[in-house]
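Asker: One structure, pasted below without further comment.
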Amino acid sequence: MTRMTLVAASAAFLVLGAAGASAAPGAAMIVHKDPNCGCCGAWIDHVRAAGFAVEVRDTTRMDEIKAALGVPDDLLSCHTAEVGGYVLEGHVPVSAIEAVLAQRPGVVGVAVPGMPMGSPGMDAPGMVAEPYEVVLFAENDVRHPLGTFVGAQRADR
């Protein structure tokens, strides 16, 4: 994939937003997570509530899974999922997942690096959510930010 293709796909995503909300219901998702991770379970609840059919695979070999799926080191988070031919790294909000599945950009996946407070699965009553970036990533370290989110919602529109 060329940088120009990624930029074009990202521009389409930004213009169309989450127009593909119908892409999620029933979509099969595999989530790889450490068996002791609590926030991973909360994120799984977030995607299940949106209609994804989730298969959870507890493992202590997360580093190997992330490497095999092509997740760049600087985008790592606690769990890694697979859906519709894409890799999801970390606390990706449902609206970003739905848009990627609907628009099918030529990328490896989408990530929320780290564990931003207030992102889906990292939220709690009374907590002030911090803004965070959702990033498309492709081979050869090509990436482009999809947008800034607060909680599960786009904040940069």
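So you can find residues: chains in the structure tokens are A, B, ... in the order shown, residues in each start at 1, and ligands are numbered from 1 in order.
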Report as a PyMOL selection string: the residues of range 3-152 of chain A with a DSSP assignment of strand (DSSP E), based on the backbone of this structure.

Answerer: chain A and resi 28-33+53-58+80-83+86-90+109-112+132-137+143-150

Asker: Please identify every residue of range 112-148 of chain A that has at least one atom no farther than 8 Å from an atom of range 69-74 of chain A, counting only C-alpha atoms, and for each give the shortest atom pair and the distance in Å to one decimal, arranged by chain then increasing number, as a Markdown table.

Answerer:
| residue | atom | partner | partner_atom | distance |
| --- | --- | --- | --- | --- |
| A:Pro113 | CA | A:Asp74 | CA | 7.2 |
| A:Glu139 | CA | A:Gly70 | CA | 7.7 |
| A:Asp141 | CA | A:Pro72 | CA | 7.2 |

Asker: Just N, CA and C atoms for this one: save the residues we selected as a PDB file, in the first residue's frame.

Answerer:
ATOM      1  N   PRO A 113      -3.299   3.395  20.778  1.00  0.00           N
ATOM      2  CA  PRO A 113      -2.081   3.077  21.532  1.00  0.00           C
ATOM      3  C   PRO A 113      -2.245   3.342  23.028  1.00  0.00           C
ATOM      4  N   GLU A 139       1.232  -1.755   6.374  1.00  0.00           N
ATOM      5  CA  GLU A 139       2.592  -2.303   6.332  1.00  0.00           C
ATOM      6  C   GLU A 139       3.605  -1.185   6.152  1.00  0.00           C
ATOM      7  N   ASP A 141       5.277   0.553   8.288  1.00  0.00           N
ATOM      8  CA  ASP A 141       5.137   1.659   9.243  1.00  0.00           C
ATOM      9  C   ASP A 141       4.324   2.835   8.724  1.00  0.00           C
TER      10      ASP A 141
END

Asker: My list of candidates is A:Ile97, A:Ala42, A:Ser77, A:Phe149. Which is closest to Ala124 in chain A when distances are computed with only C-alpha atoms?

Answerer: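 When distances to Ala124 in chain A are compared using only C-alpha atoms, the smallest one comes from A:Ala42.
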
Asker: Excluding Gly26 in chain A and residues on its chain fewer than 3 positions from it, collect all residues at most 8 Å away from it, counting only C-alpha atoms, and give them as an NGL selection string.

Answerer: :A and (51-53)

Asker: Could you write those residues out with N, CA and C atoms, as a PDB file, in the first residue's frame?

Answerer:
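As a result, result.pdb now contains:
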ATOM      1  N   GLY A  51     -23.291  -5.521  19.113  1.00  0.00           N
ATOM      2  CA  GLY A  51     -23.740  -6.612  18.259  1.00  0.00           C
ATOM      3  C   GLY A  51     -22.667  -7.518  17.699  1.00  0.00           C
ATOM      4  N   PHE A  52     -21.408  -7.299  18.063  1.00  0.00           N
ATOM      5  CA  PHE A  52     -20.350  -8.193  17.592  1.00  0.00           C
ATOM      6  C   PHE A  52     -20.440  -9.530  18.321  1.00  0.00           C
ATOM      7  N   ALA A  53     -20.208 -10.611  17.599  1.00  0.00           N
ATOM      8  CA  ALA A  53     -20.135 -11.950  18.183  1.00  0.00           C
ATOM      9  C   ALA A  53     -18.674 -12.195  18.533  1.00  0.00           C
TER      10      ALA A  53
END

Asker: Run DSSP on the backbone and give me the residues of range 10-136 of chain A it puts in helix (DSSP H, G or I), as a compact mmCIF listing (two decimals) with C-alpha atoms, in the first residue's frame.

Answerer:
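Okay, selection.txt is ready:
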# COMPACT_ATOMS: atom_id res chain seq x y z
CA SER A 10 -8.28 8.09 5.59
CA ALA A 11 -9.84 11.09 3.85
CA ALA A 12 -12.83 8.96 2.88
CA PHE A 13 -13.13 7.78 6.48
CA LEU A 14 -13.06 11.33 7.79
CA VAL A 15 -15.67 12.53 5.29
CA LEU A 16 -18.01 9.58 5.71
CA ALA A 21 -22.98 1.41 11.46
CA SER A 22 -24.83 -1.52 9.87
CA ALA A 23 -21.51 -3.36 9.38
CA GLY A 38 -9.93 -6.59 33.63
CA CYS A 39 -10.11 -3.67 31.20
CA CYS A 40 -10.05 -6.13 28.29
CA GLY A 41 -13.28 -7.63 29.59
CA ALA A 42 -14.87 -4.19 29.81
CA TRP A 43 -13.88 -3.47 26.17
CA ILE A 44 -15.34 -6.84 25.13
CA ASP A 45 -18.61 -5.79 26.79
CA HIS A 46 -18.48 -2.56 24.71
CA VAL A 47 -18.20 -4.41 21.39
CA ARG A 48 -20.71 -7.12 22.36
CA ALA A 49 -23.25 -4.41 23.23
CA MET A 62 0.35 -11.70 23.63
CA ASP A 63 3.72 -10.48 22.32
CA GLU A 64 3.84 -13.32 19.80
CA ILE A 65 0.26 -12.74 18.66
CA LYS A 66 0.77 -9.00 18.20
CA ALA A 67 3.95 -9.60 16.19
CA ALA A 68 2.30 -12.25 14.01
CA LEU A 69 -0.63 -9.91 13.28
CA ASP A 73 5.53 -1.66 18.70
CA ASP A 74 4.62 2.00 19.14
CA LEU A 75 0.88 1.23 18.83
CA VAL A 94 -17.15 0.72 18.10
CA SER A 95 -17.83 3.67 15.78
CA ALA A 96 -14.27 3.46 14.42
CA ILE A 97 -14.54 -0.33 13.98
CA GLU A 98 -17.86 0.00 12.15
CA ALA A 99 -16.51 2.67 9.81
CA VAL A 100 -13.44 0.59 8.91
CA LEU A 101 -15.58 -2.49 8.25
CA ALA A 102 -17.98 -0.49 6.08
CA GLN A 103 -15.34 1.40 4.09

Asker: Please provide the set of residues having any atom within 7 Å of Ala138 in chain A, restricted to only C-alpha atoms, with same-chain residues fewer than 6 positions apart removed, written as a list in words.

Answerer: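 The filter keeps Val107, Val108 and Gly109 of chain A.
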
Asker: Neighbouring residues of Arg57 in chain A were defined as those with any atom within 7 Å, considering only C-alpha atoms; residues of the same chain fewer than 3 positions away were excluded. Please report them as a list in words.

Answerer: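 Here the answer would be Val31, His32 and Lys33 of chain A.
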
Asker: Compare A:Val56, A:His79, A:Gly118, A:Gly84 by their minimum atom-to-atom distance to Ala27 in chain A, counting only C-alpha atoms, and give me the closest one.

Answerer: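 For Ala27 in chain A, the nearest of the given residues is A:Gly84.
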
Asker: Could you check how far CA of Ser119 in chain A sits from CA of Thr59 in chain A, in Å to one decimal?

Answerer: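 One can read the CA of Ser119 in chain A to CA of Thr59 in chain A distance as 23.0 Å.
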
Asker: For Ala152 in chain A, which residue out of A:Leu76, A:Val92, A:Leu136, A:Val128 is the nearest one, using only C-alpha atoms?

Answerer: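 Looking at the shortest contact to Ala152 in chain A, the residue is A:Val92.
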
Asker: For Ala81 in chain A, which of A:Glu55, A:Pro35, A:Ala155, A:Ile30 is the closest residue, counting only C-alpha atoms?

Answerer: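 So, comparing all the options, the nearest one is A:Ile30.
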
Asker: Rounded to one decimal in Å, what is the spacing between CA of Val135 in chain A and CA of Ala111 in chain A?

Answerer: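 Separating CA of Val135 in chain A from CA of Ala111 in chain A is a distance of 5.2 Å.
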
Asker: My list of candidates is A:Met29, A:Cys37, A:Thr60, A:Val142. Which is closest to Cys78 in chain A when distances are computed with only C-alpha atoms?

Answerer: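 Comparing A:Met29, A:Cys37, A:Thr60, A:Val142 against Cys78 in chain A, the winner is A:Cys37.
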